[in-house]
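Let me begin by presenting the structure, written as structure tokens, before commenting on it.
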4 protein chains.
Amino acid sequence: MECVSLDVEAVCKVAELVFLALPHGVSMKYAPGLIAAGKRVIDLSADYRFSEEKAYSDWYGRPHESADLLGEAVYGLPELYRPMIEKATLLANPGCYPTGAILSLAPLVEKGLVELDRIVVDAKSGVTGAGRKATLPLLFPECNESFRAYKIGVHQHAPEIETQVSKLAGKGVKILFAPHLVPMNRGILSTVYCRPVKELSDGELRDLYLSYYKDEPFIRIMEKGKYADTKYVTGLNHCDISLHTHGRSGTVIAVAAIDNLVKGAAGQAVQNMNIMYGLPQTTGLI
Amino acid sequence: MECVSLDVEAVCKVAELVFLALPHGVSMKYAPGLIAAGKRVIDLSADYRFSEEKAYSDWYGRPHESADLLGEAVYGLPELYRPMIEKATLLANPGCYPTGAILSLAPLVEKGLVELDRIVVDAKSGVTGAGRKATLPLLFPECNESFRAYKIGVHQHAPEIETQVSKLAGKGVKILFAPHLVPMNRGILSTVYCRPVKELSDGELRDLYLSYYKDEPFIRIMEKGKYADTKYVTGLNHCDISLHTHGRSGTVIAVAAIDNLVKGAAGQAVQNMNIMYGLPQTTGLI
Amino acid sequence: MECVSLDVEAVCKVAELVFLALPHGVSMKYAPGLIAAGKRVIDLSADYRFSEEKAYSDWYGRPHESADLLGEAVYGLPELYRPMIEKATLLANPGCYPTGAILSLAPLVEKGLVELDRIVVDAKSGVTGAGRKATLPLLFPECNESFRAYKIGVHQHAPEIETQVSKLAGKGVKILFAPHLVPMNRGILSTVYCRPVKELSDGELRDLYLSYYKDEPFIRIMEKGKYADTKYVTGLNHCDISLHTHGRSGTVIAVAAIDNLVKGAAGQAVQNMNIMYGLPQTTGLI
Amino acid sequence: MECVSLDVEAVCKVAELVFLALPHGVSMKYAPGLIAAGKRVIDLSADYRFSEEKAYSDWYGRPHESADLLGEAVYGLPELYRPMIEKATLLANPGCYPTGAILSLAPLVEKGLVELDRIVVDAKSGVTGAGRKATLPLLFPECNESFRAYKIGVHQHAPEIETQVSKLAGKGVKILFAPHLVPMNRGILSTVYCRPVKELSDGELRDLYLSYYKDEPFIRIMEKGKYADTKYVTGLNHCDISLHTHGRSGTVIAVAAIDNLVKGAAGQAVQNMNIMYGLPQTTGLI
């Protein structure tokens, strides 16, 4: 990791709100000082995404250095937590995988419509999702003409997804998160498999999502028979969701597409900033 | 469909065994004449992959023209049906998606180790899997920088997979088959999710597959911690399978990689021909 | 070609300026009526890019249907013809290849610094440059992992480039135009080889371009030692130009990168509209 | 560079001929010992590709450690130097770029048909051409959807090309070598621009190449109107060459396609080994 050094005092003189686009584990060195100086902070790292210190240290393999702030950090998924975001002092911007996974599961889980102990999230990400690191597995010839799974069940975004979905369900859920690497630059497609607790028709399913997200400018529920495609969200802050049922195996399927660099990262941070400042959510975003 | 015309009489004079690399629905016009003339036939189309006429007509949308041959056609998956292939007169070479899906499910299903009513096969295919058709969705700019699902639960390979897996199980299974399109030329990765009927450790799971496929030159069971990757089977007639468990959600995961143009099509046809002629299976294949 | 039908009368009621984004050969059916009705027209086809009727009919293989308008059409390359564009009634928006080729040659040619009888333009285009046509050579598997030349010396953009560059030179130039197809969606890189009439240092060369384009918001001359790259103009209306000399072989090389869908097409049309309306050139563009 | 250590004594006990697939600058540490022990050596690095010590040290930025062997090393381009290769003790396997460039220029230059002071080689390489190094510019997201030039006139393969082409011409030639990076794994396309000393028709040009390479199993001269394409040499040891003329600008164009990992490296090494052992050239190659 490159050395990152932030002059908190200097920043405090000019800024009211600070975006921390720092590596995981570095944000927590600076956030406390900024908060103490009365600033609002939007953190793009994973440092404040968990409310439990143990979850952080278990998954990121290091102790948390400002665990006392975990309780007041707000998870920045605007479609779910807008009122809290408006007043947030410390905002934890979600990971890219969790954004699509949580948005595609929220309506089903919050309404108690699916079994909670065996949800499968089969996610596929473009290569920018891995960050810009000079390592052999991310070289062009290693990724191009390759499709592979990795970290099945052990990816650090798994507990972030479970934690948030459990919060929506009001009880613990168990999710198998299986990420895959796609030979493309941008985009994540999450295919989510659930078992409904009672039969759900295609129409009911679609109506549920249309209603749940009816005021959300960045959520598009696809027409019946259409499939979410990462291509149609490239450069956008949108999450496209298509819905499918398979009566034969009793499965409900939600497919969510985002651009991991926009709704999955910087775009969502801007959306959160807009909300924190009382601006229209869509300001500066397409 | 282009007009295809085959001079059966001329072919019969020179050939003992005929590969029918014809479009779906055309093979069945020629196979009966060839069989009647005492030839052996390897059919690469879908025409003889079902034993039930109804399954064919339901999924391919046309009546079968030589349904009487369905009963004697052998499904050409050598790892499962070698003794029957040796004596086959009419061999139905499997579809590309079914090859990976069935091979990754066979040990679990045949040994009765998983629940049979809700298996999920999340499959991802390179673009050659769609055939060489001049249509807009297959253009380079439509596929490149795009990842999308299609035909979830309604793909014509779904019943082929279910039929074969049910045969192995000895009873009806229910499989959700969800295909996706990957921006690459060659390769299919199938991620298969099952619920074990009793706990299976990583070691037991791997031993099961090692034992089941112990004499198979084209099946490679990956080491613990490694993941199947389409890159490492490109140009090969191999099926790489990696195995994973997720105790938390009670899931067993098998990931299978094949080259859809080799083990998923022509390579497997050559393997079948080798067996029909009593040659070493690997002749002419890498 | 699909049937395109435009209700000129209806359009005239609501529009003051009309973008004709029609196939080559169709614009000329509608432009005369629109002009006659007092409208201004920005034509994205090739129909009005030549001042000579013969050049059009020779290269596009059909007679011109409104040749009388050829004389008054303005070639819409704003960096070269802004004063005429401001007053244009009929504007011919340039082709994608010519945009990069002409911009990279203009300073050298207009100042008389290079030999005019053997300029080589080796151009490389992403696949969207070919239009959205369902043909086999544009399928993903045909383009991916392929790099090929095509139409060397016989591409329809060759005379468009020669005509414009000759205008700048004040006499006839001879250009070899060699296009190639790159497995990517967007972008054109043009590598242009010229022989200087007298020695030019790297510094003089760069200063020439900096001065020539000093007021142009969409032209970026790269620093010494840097190379133009299509990646850095994706989505932008910019043309990046890097300059190189090779004393040993007496060659001056200009490399120009554009996004063929923006500066090479729609973006440039918007830039032209801005100029025609007296707006800042950059309005609505990035 | 990783530490590479070779036990020359042990190798000498078992080998008669040694392939040195070592990094540039490392081969020259081992070749002398192997030669002294009476072995034949095929070196895949650049260490013995120049006959002049100065050329090596100038371009590779280090002194040569066994310059006395430079004189006896044979440049391993079989189509040009087969008789010398048969008897070679130390064989320098050519670089990937030089292979295509030299093969496409040889007939024109050796027959004295083109001007020698301003040949342009515009070459385009897949990313494996850069070697397997974990550096940012070779990451998937940096290369995908990017097309860029690099090292124009200063690439280390430029002097290798000039040296060999000068040898064929019998006098010094001046070549501008301009490499570009293509977002694909394998393949190099070289577009070579020459000015003929007297007019050459398409037919004469093609006949010249057909005759020059008439006994060469790995050279394919494309039919008139066809273009060399890297796709059709992937995995093959072939060099496809297409020929074009442009009377207007007085240019002759040769386009050569190779797979940089086969004819551009290991495949050509095998071809050389075959020749050194008196085997058919094509043994083990496709």
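By order in the structure tokens, chains are A, B, ...; within a chain, residues start at 1; ligands start at 1, following the order shown.
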* **chain C contacts on chain D, only C-alpha atoms, 6 Å, as a list of chain:residue names** => D:Arg118, D:Glu145, D:Ser146, D:Phe147, D:Arg148, D:Lys174, D:Met184, D:Asp229, D:Thr230, D:Lys231, D:Ser249
Close residues, Tyr209 in chain C itself excluded, 12 Å, only C-alpha atoms, min 6 positions apart in chain, as a short mmCIF file (atom, residue, chain, number, x, y, z; two decimals) with N, CA and C atoms, in the first residue's frame:
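Generated output (selection-v3.cif):
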```
data_model
loop_
_atom_site.label_atom_id
_atom_site.label_comp_id
_atom_site.auth_asym_id
_atom_site.auth_seq_id
_atom_site.Cartn_x
_atom_site.Cartn_y
_atom_site.Cartn_z
N LEU C 103 -7.45 16.47 -38.56
CA LEU C 103 -6.95 17.28 -37.44
C LEU C 103 -5.46 17.03 -37.19
N SER C 104 -5.02 15.80 -37.41
CA SER C 104 -3.60 15.53 -37.13
C SER C 104 -2.70 16.00 -38.26
N LEU C 105 -3.24 16.19 -39.45
CA LEU C 105 -2.44 16.66 -40.58
C LEU C 105 -2.47 18.17 -40.78
N ALA C 106 -3.54 18.80 -40.34
CA ALA C 106 -3.78 20.20 -40.72
C ALA C 106 -2.59 21.14 -40.49
N PRO C 107 -2.00 21.18 -39.28
CA PRO C 107 -0.93 22.16 -39.09
C PRO C 107 0.25 21.94 -40.05
N LEU C 108 0.64 20.68 -40.23
CA LEU C 108 1.79 20.38 -41.09
C LEU C 108 1.51 20.76 -42.53
N VAL C 109 0.32 20.46 -42.98
CA VAL C 109 -0.01 20.65 -44.39
C VAL C 109 -0.28 22.12 -44.69
N GLU C 110 -1.02 22.76 -43.83
CA GLU C 110 -1.35 24.16 -44.09
C GLU C 110 -0.10 25.04 -44.09
N LYS C 111 0.86 24.68 -43.26
CA LYS C 111 2.10 25.46 -43.21
C LYS C 111 3.12 25.01 -44.25
N ASP C 202 11.61 17.99 -32.37
CA ASP C 202 10.45 17.64 -31.55
C ASP C 202 9.79 18.90 -30.98
N GLY C 203 10.63 19.81 -30.54
CA GLY C 203 10.10 21.03 -29.94
C GLY C 203 9.36 21.89 -30.95
N ASP C 215 -6.54 27.95 -29.33
CA ASP C 215 -7.84 28.37 -28.79
C ASP C 215 -8.87 27.26 -28.83
N GLU C 216 -8.44 26.06 -29.09
CA GLU C 216 -9.40 24.98 -29.29
C GLU C 216 -9.62 24.18 -28.01
N ILE C 219 -9.03 20.16 -28.45
CA ILE C 219 -7.77 19.56 -28.93
C ILE C 219 -6.76 19.57 -27.79
N ARG C 220 -6.19 18.41 -27.52
CA ARG C 220 -5.15 18.34 -26.49
C ARG C 220 -3.87 17.80 -27.13
N ILE C 221 -2.83 18.62 -27.08
CA ILE C 221 -1.54 18.17 -27.60
C ILE C 221 -0.80 17.51 -26.43
N MET C 222 -0.42 16.26 -26.61
CA MET C 222 0.20 15.51 -25.51
C MET C 222 1.60 16.04 -25.22
N GLU C 223 2.00 15.89 -23.97
CA GLU C 223 3.38 16.23 -23.60
C GLU C 223 4.37 15.35 -24.34
N ASP C 240 -7.07 13.94 -28.96
CA ASP C 240 -5.72 13.99 -28.38
C ASP C 240 -4.71 13.73 -29.49
N ILE C 241 -3.68 14.54 -29.55
CA ILE C 241 -2.66 14.36 -30.59
C ILE C 241 -1.28 14.29 -29.94
N SER C 242 -0.54 13.21 -30.25
CA SER C 242 0.86 13.16 -29.80
C SER C 242 1.76 13.24 -31.03
N LEU C 243 2.93 13.80 -30.83
CA LEU C 243 3.83 14.10 -31.95
C LEU C 243 5.19 13.47 -31.73
N HIS C 244 5.75 12.94 -32.81
CA HIS C 244 6.99 12.19 -32.71
C HIS C 244 7.82 12.44 -33.97
N ALA C 254 2.36 11.89 -36.43
CA ALA C 254 1.33 12.43 -35.55
C ALA C 254 0.35 11.31 -35.24
#
```
* Got a sec to tell me which of range 30-182 of chain C DSSP assigns to alpha helix (DSSP H), as a VMD selection string? -> chain C and resid 30 to 36 53 to 60 78 to 86 96 to 110 140 to 143 157 to 169
* Fewer than 3 positions away in the same chain doesn't count, so skip those; otherwise give me all residues within 7 Å of range 70-73 of chain A, counting only C-alpha atoms, as a PyMOL selection string. => chain A and resi 48+50-51+67+90-92
* Asked: Which residues come within 9 Å of Val270 in chain B, counting only C-alpha atoms, excluding same-chain residues fewer than 6 positions away, as a list in words?
  -> Gln281, Thr282, Thr283, Gly284 and Leu285 of chain B
* Which residues in range 30-220 of chain A does DSSP call strand (DSSP E or B)? List them as a ChimeraX atom specification. -> /A:40-43,74-75,90-92,114,119-125,139,148-149,175-181,188-194,196,219-220
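The interatomic distance for the pair CA of Arg62 in chain A and CA of Gly25 in chain A works out to 8.1 Å.
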* Could you check how far CA of Leu138 in chain B sits from CA of Pro179 in chain B, in Å to one decimal? => 15.2 Å
* Grab the CA of Leu44 in chain B to CA of Ala21 in chain B distance for me, in Å with one decimal place. => 5.2 Å
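The nearest approach to Ile42 in chain C among the residues C:Tyr30, C:Tyr60, C:Phe140, C:Tyr212, with only C-alpha atoms taken into account, belongs to C:Tyr30.
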* Do you know which residues are at most 6 Å from range 95-100 of chain A counting only C-alpha atoms, after dropping those on the same chain fewer than 5 positions away, and could you put them as a PyMOL selection string? -> chain A and resi 161+256+260+264
Any chance you could export the current selection's N, CA, C and O atoms as a tab-separated table (two decimals), in the first residue's frame?
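selection13.tsv, freshly written:
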```tsv
chain	number	residue	atom	x	y	z
A	161	ILE	N	-23.04	-7.90	3.27
A	161	ILE	CA	-24.37	-8.21	2.70
A	161	ILE	C	-25.26	-8.82	3.77
A	161	ILE	O	-26.41	-8.40	3.97
A	256	ALA	N	-29.69	-8.04	-10.70
A	256	ALA	CA	-29.42	-6.61	-10.56
A	256	ALA	C	-28.14	-6.24	-11.28
A	256	ALA	O	-27.13	-6.94	-11.17
A	260	ASN	N	-20.06	-0.70	-11.14
A	260	ASN	CA	-19.37	-0.74	-9.85
A	260	ASN	C	-18.61	0.55	-9.54
A	260	ASN	O	-18.36	0.86	-8.38
A	264	GLY	N	-21.85	1.68	-7.56
A	264	GLY	CA	-21.09	0.82	-6.66
A	264	GLY	C	-19.96	1.54	-5.93
A	264	GLY	O	-19.24	0.91	-5.15
```
When you look at Ala88 in chain A with a cut-off of 12 Å (counting only C-alpha atoms), what residues show up, excluding the ones that are within fewer than 5 positions of it in the same chain? I need them as a CSV table (one decimal) with N, CA and C atoms, in the first residue's frame.
```
chain,number,residue,atom,x,y,z
A,17,LEU,N,-17.3,19.1,4.4
A,17,LEU,CA,-17.6,17.7,4.3
A,17,LEU,C,-16.4,17.1,3.6
A,35,ILE,N,-14.1,14.2,12.4
A,35,ILE,CA,-15.3,14.2,13.1
A,35,ILE,C,-15.2,15.1,14.4
A,39,LYS,N,-16.5,18.1,11.3
A,39,LYS,CA,-16.7,17.9,9.8
A,39,LYS,C,-17.6,16.7,9.6
A,40,ARG,N,-18.3,16.7,8.5
A,40,ARG,CA,-19.0,15.5,8.1
A,40,ARG,C,-18.1,14.7,7.2
A,41,VAL,N,-18.2,13.4,7.2
A,41,VAL,CA,-17.2,12.5,6.5
A,41,VAL,C,-18.0,11.5,5.7
A,42,ILE,N,-17.6,11.4,4.4
A,42,ILE,CA,-18.1,10.2,3.6
A,42,ILE,C,-16.9,9.3,3.3
A,43,ASP,N,-17.0,8.2,3.9
A,43,ASP,CA,-15.8,7.2,3.8
A,43,ASP,C,-16.1,6.2,2.7
A,69,LEU,N,-16.6,4.9,16.8
A,69,LEU,CA,-17.4,5.6,15.8
A,69,LEU,C,-18.3,4.6,15.1
A,71,GLY,N,-20.7,2.8,15.9
A,71,GLY,CA,-22.1,3.0,16.3
A,71,GLY,C,-22.8,4.1,15.6
A,72,GLU,N,-22.1,5.2,15.3
A,72,GLU,CA,-22.8,6.4,14.8
A,72,GLU,C,-22.7,6.4,13.3
A,73,ALA,N,-21.8,5.6,12.7
A,73,ALA,CA,-21.7,5.6,11.2
A,73,ALA,C,-23.0,5.1,10.6
A,74,VAL,N,-23.4,5.8,9.5
A,74,VAL,CA,-24.6,5.4,8.8
A,74,VAL,C,-24.2,4.7,7.5
A,75,TYR,N,-24.9,3.6,7.2
A,75,TYR,CA,-24.6,2.8,6.0
A,75,TYR,C,-25.3,3.5,4.8
A,76,GLY,N,-24.5,3.9,3.9
A,76,GLY,CA,-25.0,4.9,2.8
A,76,GLY,C,-25.7,4.3,1.6
A,78,PRO,N,-28.8,4.9,-0.1
A,78,PRO,CA,-29.9,5.9,0.0
A,78,PRO,C,-31.3,5.4,-0.1
A,81,TYR,N,-31.9,4.0,3.5
A,81,TYR,CA,-31.6,4.7,4.7
A,81,TYR,C,-31.6,6.2,4.5
A,82,ARG,N,-32.4,6.8,3.6
A,82,ARG,CA,-32.3,8.2,3.3
A,82,ARG,C,-32.4,9.1,4.6
A,83,PRO,N,-33.4,8.8,5.4
A,83,PRO,CA,-33.6,9.7,6.6
A,83,PRO,C,-32.4,9.8,7.5
A,93,ASN,N,-19.9,4.5,2.9
A,93,ASN,CA,-20.4,4.2,1.5
A,93,ASN,C,-20.2,2.7,1.2
A,272,ASN,N,-25.1,10.4,-1.9
A,272,ASN,CA,-25.1,10.5,-0.4
A,272,ASN,C,-24.8,12.0,0.0
A,273,MET,N,-23.8,12.6,-0.7
A,273,MET,CA,-23.5,13.9,-0.4
A,273,MET,C,-24.7,14.9,-0.7
A,275,ILE,N,-27.8,14.1,-0.6
A,275,ILE,CA,-28.8,14.0,0.5
A,275,ILE,C,-28.4,14.7,1.7
A,276,MET,N,-27.1,14.6,2.1
A,276,MET,CA,-26.6,15.2,3.3
A,276,MET,C,-26.7,16.7,3.3
A,277,TYR,N,-26.7,17.3,2.0
A,277,TYR,CA,-26.8,18.7,1.9
A,277,TYR,C,-28.2,19.2,1.5
A,278,GLY,N,-29.1,18.2,1.5
A,278,GLY,CA,-30.5,18.6,1.1
A,278,GLY,C,-30.7,19.0,-0.4
```
